[in-house]
file query26.cif (mmCIF, C-alpha atoms)
data_entry
#
loop_
_atom_site.group_PDB
_atom_site.id
_atom_site.type_symbol
_atom_site.label_atom_id
_atom_site.label_comp_id
_atom_site.auth_asym_id
_atom_site.auth_seq_id
_atom_site.Cartn_x
_atom_site.Cartn_y
_atom_site.Cartn_z
ATOM 1 C CA MET A 516 160.663 79.071 -43.914
ATOM 2 C CA ASN A 517 161.801 76.330 -46.269
ATOM 3 C CA ASP A 518 162.288 73.897 -43.379
ATOM 4 C CA ILE A 519 158.885 74.787 -41.907
ATOM 5 C CA THR A 520 157.208 74.326 -45.281
ATOM 6 C CA PHE A 521 158.480 70.763 -45.604
ATOM 7 C CA ASN A 522 157.926 69.855 -41.958
ATOM 8 C CA GLU A 523 154.852 67.613 -41.833
ATOM 9 C CA LYS A 524 154.525 68.223 -38.081
ATOM 10 C CA GLU A 525 154.236 71.996 -38.492
ATOM 11 C CA ASP A 526 151.489 74.048 -40.155
ATOM 12 C CA GLY A 527 153.117 77.468 -39.747
ATOM 13 C CA TYR A 528 150.643 78.572 -37.067
ATOM 14 C CA ASN A 529 151.502 76.150 -34.295
ATOM 15 C CA ILE A 530 155.106 77.350 -33.980
ATOM 16 C CA VAL A 531 153.966 80.945 -33.381
ATOM 17 C CA ARG A 532 151.491 79.833 -30.708
ATOM 18 C CA LYS A 533 154.176 77.779 -28.950
ATOM 19 C CA TYR A 534 156.735 80.586 -29.160
ATOM 20 C CA ALA A 535 154.272 83.160 -27.795
ATOM 21 C CA GLU A 536 153.296 80.806 -24.971
ATOM 22 C CA SER A 537 156.959 80.322 -24.059
ATOM 23 C CA ASP A 538 157.408 84.077 -23.519
ATOM 24 C CA TYR A 539 154.369 86.236 -22.800
ATOM 25 C CA THR A 540 156.309 89.410 -23.649
ATOM 26 C CA VAL A 541 156.597 88.497 -27.345
ATOM 27 C CA LEU A 542 153.106 89.599 -28.362
ATOM 28 C CA ALA A 543 152.743 92.118 -25.534
ATOM 29 C CA ASN A 544 155.753 94.117 -26.758
ATOM 30 C CA LEU A 545 154.592 93.814 -30.343
ATOM 31 C CA TYR A 546 151.191 95.284 -29.496
ATOM 32 C CA LYS A 547 152.716 97.974 -27.264
ATOM 33 C CA ASN A 548 154.709 99.384 -30.173
ATOM 34 C CA ILE A 549 152.007 98.998 -32.778
ATOM 35 C CA ASP A 550 151.711 102.745 -33.455
ATOM 36 C CA ASN A 551 155.444 103.065 -34.087
ATOM 37 C CA SER A 552 155.815 100.103 -36.392
ATOM 38 C CA ALA A 553 156.000 100.072 -40.174
ATOM 39 C CA THR A 554 153.984 96.840 -40.009
ATOM 40 C CA SER A 555 151.225 98.243 -37.769
ATOM 41 C CA GLU A 556 148.385 96.977 -39.990
ATOM 42 C CA LEU A 557 149.780 93.468 -39.861
ATOM 43 C CA ILE A 558 150.228 93.622 -36.097
ATOM 44 C CA GLN A 559 146.623 94.817 -35.742
ATOM 45 C CA LYS A 560 145.445 91.685 -37.558
ATOM 46 C CA PHE A 561 147.454 89.566 -35.147
ATOM 47 C CA HIS A 562 145.812 91.382 -32.241
ATOM 48 C CA GLU A 563 142.363 90.475 -33.554
ATOM 49 C CA ASP A 564 143.157 86.746 -33.669
ATOM 50 C CA ASP A 565 146.387 85.938 -31.867
ATOM 51 C CA GLN A 566 145.768 82.191 -31.933
ATOM 52 C CA ASN A 567 146.073 82.027 -35.694
ATOM 53 C CA ILE A 568 149.172 84.006 -36.618
ATOM 54 C CA PRO A 569 151.040 82.552 -39.617
ATOM 55 C CA VAL A 570 154.789 82.412 -39.184
ATOM 56 C CA TRP A 571 155.416 83.784 -42.693
ATOM 57 C CA SER A 572 153.653 87.001 -41.664
ATOM 58 C CA PHE A 573 154.896 86.972 -38.079
ATOM 59 C CA ILE A 574 158.576 87.164 -39.028
ATOM 60 C CA GLU A 575 157.885 90.376 -40.961
ATOM 61 C CA THR A 576 157.103 92.129 -37.674
ATOM 62 C CA LEU A 577 160.009 90.852 -35.561
ATOM 63 C CA SER A 578 163.228 92.558 -34.619
ATOM 64 C CA PHE A 579 166.348 90.641 -35.604
ATOM 65 C CA GLY A 580 166.873 89.623 -31.986
ATOM 66 C CA ARG A 581 163.337 88.233 -31.729
ATOM 67 C CA PHE A 582 163.758 86.484 -35.078
ATOM 68 C CA ILE A 583 166.836 84.704 -33.731
ATOM 69 C CA GLU A 584 164.845 83.652 -30.653
ATOM 70 C CA LEU A 585 162.094 82.199 -32.854
ATOM 71 C CA TYR A 586 164.657 80.523 -35.108
ATOM 72 C CA ASN A 587 166.414 78.843 -32.178
ATOM 73 C CA TYR A 588 163.083 77.925 -30.603
ATOM 74 C CA TYR A 589 161.952 76.140 -33.779
ATOM 75 C CA TYR A 590 165.127 74.076 -34.143
ATOM 76 C CA GLY A 591 165.112 73.383 -30.421
ATOM 77 C CA ILE A 592 161.752 71.657 -30.891
ATOM 78 C CA TYR A 593 162.164 69.949 -34.252
ATOM 79 C CA GLY A 594 165.924 69.547 -34.491
ATOM 80 C CA GLY A 595 167.675 69.404 -37.832
ATOM 81 C CA ALA A 596 170.625 71.276 -39.253
ATOM 82 C CA SER A 597 170.532 75.006 -38.613
ATOM 83 C CA TYR A 598 172.679 78.129 -38.495
ATOM 84 C CA SER A 599 171.971 78.804 -34.828
ATOM 85 C CA SER A 600 175.619 78.817 -33.741
ATOM 86 C CA PHE A 601 176.431 81.615 -36.196
ATOM 87 C CA LEU A 602 173.609 84.039 -35.513
ATOM 88 C CA GLY A 603 175.124 85.775 -32.502
ATOM 89 C CA SER A 604 178.035 86.972 -34.626
ATOM 90 C CA ILE A 605 175.719 88.204 -37.351
ATOM 91 C CA LYS A 606 173.549 90.022 -34.829
ATOM 92 C CA PHE A 607 176.600 91.828 -33.451
ATOM 93 C CA LEU A 608 177.648 93.087 -36.877
ATOM 94 C CA ARG A 609 174.112 94.024 -37.827
ATOM 95 C CA ASN A 610 173.708 96.112 -34.666
ATOM 96 C CA ALA A 611 177.118 97.728 -35.107
ATOM 97 C CA ALA A 612 176.262 98.699 -38.685
ATOM 98 C CA ALA A 613 172.839 100.003 -37.686
ATOM 99 C CA HIS A 614 174.419 102.285 -35.069
ATOM 100 C CA ASN A 615 177.340 103.408 -37.258
ATOM 101 C CA THR A 616 179.872 101.950 -34.847
ATOM 102 C CA CYS A 617 183.505 102.528 -35.814
ATOM 103 C CA LEU A 618 184.703 98.921 -35.848
ATOM 104 C CA LEU A 619 188.243 99.810 -36.898
ATOM 105 C CA ASN A 620 188.837 101.062 -33.358
ATOM 106 C CA SER A 621 188.700 97.490 -32.080
ATOM 107 C CA MET A 622 191.256 96.042 -34.490
ATOM 108 C CA ARG A 623 194.272 96.467 -32.215
ATOM 109 C CA ARG A 624 194.869 94.533 -28.997
ATOM 110 C CA PRO A 625 193.723 94.477 -26.271
ATOM 111 C CA TYR A 626 190.277 93.641 -27.622
ATOM 112 C CA GLY A 627 187.272 94.877 -25.708
ATOM 113 C CA ILE A 628 185.766 91.426 -25.307
ATOM 114 C CA LYS A 629 186.969 87.828 -25.308
ATOM 115 C CA ILE A 630 185.053 85.583 -27.673
ATOM 116 C CA ASN A 631 184.514 81.881 -28.116
ATOM 117 C CA LYS A 632 185.591 81.262 -31.684
ATOM 118 C CA ASN A 633 183.029 79.395 -33.752
ATOM 119 C CA LYS A 634 184.211 75.800 -33.996
ATOM 120 C CA HIS A 635 182.616 75.120 -37.388
ATOM 121 C CA ILE A 636 184.273 78.135 -38.988
ATOM 122 C CA MET A 637 187.643 77.376 -37.404
ATOM 123 C CA ASP A 638 187.471 73.779 -38.618
ATOM 124 C CA CYS A 639 186.619 74.927 -42.149
ATOM 125 C CA LEU A 640 189.561 77.311 -42.224
ATOM 126 C CA ASP A 641 191.899 74.720 -40.763
ATOM 127 C CA LYS A 642 190.845 71.862 -43.053
ATOM 128 C CA SER A 643 191.052 74.057 -46.145
ATOM 129 C CA LYS A 644 194.887 74.158 -45.873
ATOM 130 C CA LYS A 645 194.650 77.593 -47.526
ATOM 131 C CA PHE A 646 195.628 79.624 -44.471
ATOM 132 C CA THR A 647 198.704 79.811 -42.298
ATOM 133 C CA THR A 648 198.320 79.061 -38.606
ATOM 134 C CA SER A 649 198.250 82.831 -37.957
ATOM 135 C CA PHE A 650 194.567 82.799 -38.920
ATOM 136 C CA LYS A 651 193.818 81.489 -35.417
ATOM 137 C CA THR A 652 195.245 84.650 -33.901
ATOM 138 C CA LYS A 653 193.397 86.886 -36.358
ATOM 139 C CA MET A 654 190.131 85.130 -35.512
ATOM 140 C CA GLU A 655 190.539 86.195 -31.875
ATOM 141 C CA ASN A 656 189.566 89.683 -32.987
ATOM 142 C CA PRO A 657 185.764 89.926 -32.510
ATOM 143 C CA VAL A 658 185.202 92.037 -35.639
ATOM 144 C CA ILE A 659 187.327 89.838 -37.902
ATOM 145 C CA HIS A 660 185.765 86.688 -36.445
ATOM 146 C CA ASP A 661 182.193 87.887 -36.860
ATOM 147 C CA PHE A 662 182.759 89.233 -40.371
ATOM 148 C CA VAL A 663 184.263 85.905 -41.482
ATOM 149 C CA VAL A 664 181.269 84.115 -39.949
ATOM 150 C CA LEU A 665 178.943 86.431 -41.873
ATOM 151 C CA LEU A 666 180.702 85.721 -45.183
ATOM 152 C CA PHE A 667 180.532 81.958 -44.632
ATOM 153 C CA VAL A 668 176.853 82.009 -43.675
ATOM 154 C CA TYR A 669 175.910 84.306 -46.556
ATOM 155 C CA CYS A 670 177.552 82.016 -49.100
ATOM 156 C CA ASP A 671 176.085 78.895 -47.516
ATOM 157 C CA VAL A 672 172.502 80.135 -47.106
ATOM 158 C CA LEU A 673 172.308 81.250 -50.723
ATOM 159 C CA ASN A 674 173.861 78.073 -52.116
ATOM 160 C CA THR A 675 170.707 76.933 -53.866
ATOM 161 C CA SER A 676 169.832 77.030 -57.540
ATOM 162 C CA ALA A 677 167.183 79.692 -56.906
ATOM 163 C CA ASN A 678 169.528 81.997 -54.993
ATOM 164 C CA ARG A 679 172.951 81.572 -56.566
ATOM 165 C CA SER A 680 172.612 84.589 -58.832
ATOM 166 C CA MET A 681 171.801 86.709 -55.749
ATOM 167 C CA ARG A 682 174.816 85.280 -53.968
ATOM 168 C CA GLU A 683 177.075 86.009 -56.918
ATOM 169 C CA LYS A 684 175.864 89.591 -57.004
ATOM 170 C CA GLY A 685 176.403 90.027 -53.266
ATOM 171 C CA MET A 686 179.889 88.514 -53.320
ATOM 172 C CA GLU A 687 180.801 90.637 -56.318
ATOM 173 C CA GLU A 688 179.934 93.716 -54.258
ATOM 174 C CA VAL A 689 182.109 92.423 -51.408
ATOM 175 C CA ARG A 690 184.968 91.723 -53.816
ATOM 176 C CA LYS A 691 184.696 95.182 -55.336
ATOM 177 C CA LEU A 692 184.729 96.737 -51.850
ATOM 178 C CA PHE A 693 187.874 94.911 -50.760
ATOM 179 C CA PHE A 694 189.797 94.611 -54.010
ATOM 180 C CA GLU A 695 188.989 98.021 -55.482
ATOM 181 C CA THR A 696 187.374 100.572 -53.153
ATOM 182 C CA MET A 697 189.583 99.882 -50.144
ATOM 183 C CA LEU A 698 192.731 100.248 -52.230
ATOM 184 C CA ARG A 699 191.984 103.762 -53.450
ATOM 185 C CA LYS A 700 193.604 105.381 -50.405
ATOM 186 C CA GLN A 701 195.909 102.537 -49.484
ATOM 187 C CA GLU A 702 198.813 104.895 -48.890
ATOM 188 C CA TYR A 703 197.006 106.110 -45.754
ATOM 189 C CA PHE A 704 197.055 102.663 -44.192
ATOM 190 C CA LYS A 705 199.989 100.700 -45.642
ATOM 191 C CA LYS A 706 202.174 101.363 -42.591
ATOM 192 C CA ASN A 707 199.506 100.078 -40.221
ATOM 193 C CA ASP A 708 200.477 96.411 -39.899
ATOM 194 C CA VAL A 709 197.323 95.467 -37.994
ATOM 195 C CA LEU A 710 194.987 96.747 -40.697
ATOM 196 C CA VAL A 711 197.115 95.442 -43.556
ATOM 197 C CA GLU A 712 197.439 91.902 -42.175
ATOM 198 C CA ASN A 713 193.760 91.631 -41.330
ATOM 199 C CA TYR A 714 192.852 93.051 -44.732
ATOM 200 C CA LYS A 715 194.962 90.383 -46.455
ATOM 201 C CA PHE A 716 193.331 87.677 -44.356
ATOM 202 C CA ILE A 717 189.802 88.770 -45.279
ATOM 203 C CA CYS A 718 190.813 88.857 -48.955
ATOM 204 C CA GLN A 719 192.042 85.264 -48.610
ATOM 205 C CA VAL A 720 188.711 84.263 -47.077
ATOM 206 C CA ILE A 721 186.810 85.889 -49.945
ATOM 207 C CA ASN A 722 188.912 84.025 -52.509
ATOM 208 C CA TYR A 723 188.475 80.761 -50.624
ATOM 209 C CA LEU A 724 184.691 81.117 -50.489
ATOM 210 C CA GLU A 725 184.513 81.904 -54.189
ATOM 211 C CA ASN A 726 186.375 78.668 -54.883
ATOM 212 C CA CYS A 727 183.829 76.800 -52.723
ATOM 213 C CA ARG A 728 180.809 78.394 -54.364
ATOM 214 C CA ASN A 729 179.145 75.076 -55.269
ATOM 215 C CA LYS A 730 179.550 73.522 -51.841
ATOM 216 C CA GLN A 731 177.397 73.811 -48.732
ATOM 217 C CA ILE A 732 179.964 73.658 -45.952
ATOM 218 C CA LEU A 733 178.219 74.862 -42.804
ATOM 219 C CA LYS A 734 174.637 73.758 -42.269
ATOM 220 C CA ASN A 735 175.385 70.047 -42.366
ATOM 221 C CA ASN A 736 178.179 70.319 -39.787
#
call {"tool": "encode", "arguments": {"input": "query26.cif", "output": "structure tokens"}}
result
Amino acid sequence: MNDITFNEKEDGYNIVRKYAESDYTVLANLYKNIDNSATSELIQKFHEDDQNIPVWSFIETLSFGRFIELYNYYYGIYGGASYSSFLGSIKFLRNAAAHNTCLLNSMRRPYGIKINKNKHIMDCLDKSKKFTTSFKTKMENPVIHDFVVLLFVYCDVLNTSANRSMREKGMEEVRKLFFETMLRKQEYFKKNDVLVENYKFICQVINYLENCRNKQILKNN
């Protein structure tokens, strides 16, 4: 929304028209589920004048998958630095959390899927000189990889003067989870080398990101 606001070529309505024209199912599916949506009144307004839908209202009605489509569509047209390469990982974790998936089951080899590790994240970890080369193996695990991506993006997106207090609060909750809550029953897991080593790695990532709190290290890559 910030990039759209300062884009002189975009009024916030045109991008929705273009996106809807690129895929006729966008609005059709939105209208089809109008009675089951928490934003039904907003969708009804769109239905009455679908040529003048403001993007700031439109995104309130989209699923996360559709939001990613719109996001990528916008930057595909106008270019500029974006977080497009990270959103697939975030979508995976979001869906897993929404469906209460037991992610710990995928921590041990062989992993269920083979992933393409995010180059930007791998470069950041490598250039930091804070991690041993074993981090490359740990990042082959889809859950570890995607969670690290999420932490990086969260810290980077909220690295503005208006949002830093929110970021600090969020990272404090993450730190409490890993450095306090997860240690309460550590005797249950201390003999599980896979969990212990991955746990230590995530803790290192958290510490690293806290030391980089005043830097924006992703979007400009």
call {"tool": "atom_distance", "arguments": {"input": "query26.cif", "atom1": "atom CA of Ala535 of chain A", "atom2": "atom CA of Tyr586 of chain A"}}
result
13.0 Å
call {"tool": "resolve_selection", "arguments": {"input": "query26.cif", "expression": "the PyMOL selection byres ((chain A and resi 671) around 10)", "output": "list in words"}}
result
Tyr598, Leu665, Leu666, Phe667, Val668, Tyr669, Cys670, Val672, Leu673, Asn674, Thr675, Arg679, Arg682, Leu724, Cys727, Arg728, Asn729, Lys730, Gln731, Ile732, Leu733 and Lys734 of chain A
call {"tool": "residues_around", "arguments": {"input": "query26.cif", "residues": "Gln719 of chain A", "least_positions_apart": "4", "cutoff": "9 Å", "atoms": "all atoms listed in the file", "output": "list in words"}}
result
Lys645, Phe646, Tyr714, Lys715, Tyr723 and Leu724 of chain A
call {"tool": "closest_residue", "arguments": {"input": "query26.cif", "among": "A:Asn548, A:Gln566, A:Gln559, A:Ser600", "to": "Ser578 of chain A", "atoms": "only C-alpha atoms"}}
result
A:Asn548
call {"tool": "residues_around", "arguments": {"input": "query26.cif", "residues": "Ile549 of chain A", "least_positions_apart": "2", "cutoff": "12 Å", "atoms": "all atoms listed in the file", "output": "PyMOL selection string"}}
result
chain A and resi 542-547+551-562+576-577
call {"tool": "resolve_selection", "arguments": {"input": "query26.cif", "expression": "the PyMOL selection byres ((chain A and resi 589) around 10)", "output": "CSV table (one decimal) with C-alpha atoms, keeping the file's coordinate frame"}}
result
chain,number,residue,atom,x,y,z
A,518,ASP,CA,162.3,73.9,-43.4
A,519,ILE,CA,158.9,74.8,-41.9
A,525,GLU,CA,154.2,72.0,-38.5
A,530,ILE,CA,155.1,77.4,-34.0
A,531,VAL,CA,154.0,80.9,-33.4
A,533,LYS,CA,154.2,77.8,-29.0
A,534,TYR,CA,156.7,80.6,-29.2
A,583,ILE,CA,166.8,84.7,-33.7
A,584,GLU,CA,164.8,83.7,-30.7
A,585,LEU,CA,162.1,82.2,-32.9
A,586,TYR,CA,164.7,80.5,-35.1
A,587,ASN,CA,166.4,78.8,-32.2
A,588,TYR,CA,163.1,77.9,-30.6
A,590,TYR,CA,165.1,74.1,-34.1
A,591,GLY,CA,165.1,73.4,-30.4
A,592,ILE,CA,161.8,71.7,-30.9
A,593,TYR,CA,162.2,69.9,-34.3
A,594,GLY,CA,165.9,69.5,-34.5
A,595,GLY,CA,167.7,69.4,-37.8
A,597,SER,CA,170.5,75.0,-38.6
call {"tool": "resolve_selection", "arguments": {"input": "query26.cif", "expression": "the PyMOL selection byres ((chain A and resi 688-701) around 10)", "output": "PDB file with C-alpha atoms, keeping the file's coordinate frame"}}
result
ATOM      1  CA  LEU A 666     180.702  85.721 -45.183  1.00  0.00           C
ATOM      2  CA  ARG A 682     174.816  85.280 -53.968  1.00  0.00           C
ATOM      3  CA  GLU A 683     177.075  86.009 -56.918  1.00  0.00           C
ATOM      4  CA  LYS A 684     175.864  89.591 -57.004  1.00  0.00           C
ATOM      5  CA  GLY A 685     176.403  90.027 -53.266  1.00  0.00           C
ATOM      6  CA  MET A 686     179.889  88.514 -53.320  1.00  0.00           C
ATOM      7  CA  GLU A 687     180.801  90.637 -56.318  1.00  0.00           C
ATOM      8  CA  GLU A 702     198.813 104.895 -48.890  1.00  0.00           C
ATOM      9  CA  TYR A 703     197.006 106.110 -45.754  1.00  0.00           C
ATOM     10  CA  PHE A 704     197.055 102.663 -44.192  1.00  0.00           C
ATOM     11  CA  LYS A 705     199.989 100.700 -45.642  1.00  0.00           C
ATOM     12  CA  LYS A 706     202.174 101.363 -42.591  1.00  0.00           C
ATOM     13  CA  VAL A 711     197.115  95.442 -43.556  1.00  0.00           C
ATOM     14  CA  TYR A 714     192.852  93.051 -44.732  1.00  0.00           C
ATOM     15  CA  LYS A 715     194.962  90.383 -46.455  1.00  0.00           C
ATOM     16  CA  ILE A 717     189.802  88.770 -45.279  1.00  0.00           C
ATOM     17  CA  CYS A 718     190.813  88.857 -48.955  1.00  0.00           C
ATOM     18  CA  ILE A 721     186.810  85.889 -49.945  1.00  0.00           C
ATOM     19  CA  ASN A 722     188.912  84.025 -52.509  1.00  0.00           C
ATOM     20  CA  GLU A 725     184.513  81.904 -54.189  1.00  0.00           C
TER      21      GLU A 725
END
call {"tool": "decode", "arguments": {"input": "query26.cif", "residues": "segment 616-634 of chain A", "atoms": "N, CA and C atoms", "output": "tab-separated table (two decimals), in the first residue's frame"}}
result
chain	number	residue	atom	x	y	z
A	616	THR	N	-1.25	-28.18	11.44
A	616	THR	CA	-0.35	-29.23	10.97
A	616	THR	C	0.79	-29.43	11.96
A	617	CYS	N	1.12	-30.68	12.23
A	617	CYS	CA	2.23	-30.98	13.14
A	617	CYS	C	3.54	-30.91	12.36
A	618	LEU	N	4.19	-29.77	12.39
A	618	LEU	CA	5.39	-29.56	11.59
A	618	LEU	C	6.60	-30.31	12.13
A	619	LEU	N	6.58	-30.67	13.40
A	619	LEU	CA	7.72	-31.39	13.97
A	619	LEU	C	7.93	-32.74	13.28
A	620	ASN	N	6.86	-33.28	12.71
A	620	ASN	CA	6.97	-34.57	12.04
A	620	ASN	C	7.88	-34.53	10.82
A	621	SER	N	8.12	-33.34	10.29
A	621	SER	CA	8.91	-33.22	9.07
A	621	SER	C	10.36	-32.82	9.35
A	622	MET	N	10.76	-32.82	10.61
A	622	MET	CA	12.09	-32.35	10.96
A	622	MET	C	13.19	-33.35	10.61
A	623	ARG	N	12.86	-34.62	10.56
A	623	ARG	CA	13.89	-35.64	10.31
A	623	ARG	C	13.87	-36.06	8.84
A	624	ARG	N	15.06	-36.29	8.29
A	624	ARG	CA	15.15	-36.80	6.92
A	624	ARG	C	14.50	-38.18	6.81
A	625	PRO	N	14.01	-38.59	5.63
A	625	PRO	CA	13.96	-37.78	4.40
A	625	PRO	C	12.78	-36.80	4.44
A	626	TYR	N	13.01	-35.59	3.96
A	626	TYR	CA	11.97	-34.58	3.97
A	626	TYR	C	10.93	-34.90	2.89
A	627	GLY	N	9.71	-34.47	3.14
A	627	GLY	CA	8.63	-34.78	2.22
A	627	GLY	C	8.77	-34.12	0.87
A	628	ILE	N	9.39	-32.94	0.84
A	628	ILE	CA	9.55	-32.21	-0.41
A	628	ILE	C	10.96	-31.65	-0.52
A	629	LYS	N	11.41	-31.45	-1.74
A	629	LYS	CA	12.70	-30.81	-1.98
A	629	LYS	C	12.45	-29.36	-2.35
A	630	ILE	N	13.15	-28.46	-1.70
A	630	ILE	CA	12.90	-27.04	-1.90
A	630	ILE	C	14.08	-26.36	-2.59
A	631	ASN	N	13.78	-25.24	-3.21
A	631	ASN	CA	14.82	-24.35	-3.71
A	631	ASN	C	15.06	-23.30	-2.63
A	632	LYS	N	16.20	-23.36	-2.00
A	632	LYS	CA	16.48	-22.43	-0.91
A	632	LYS	C	16.53	-21.00	-1.42
A	633	ASN	N	15.96	-20.09	-0.64
A	633	ASN	CA	15.90	-18.70	-1.06
A	633	ASN	C	17.30	-18.10	-1.09
A	634	LYS	N	17.71	-17.62	-2.25
A	634	LYS	CA	19.07	-17.14	-2.44
A	634	LYS	C	19.38	-15.94	-1.55
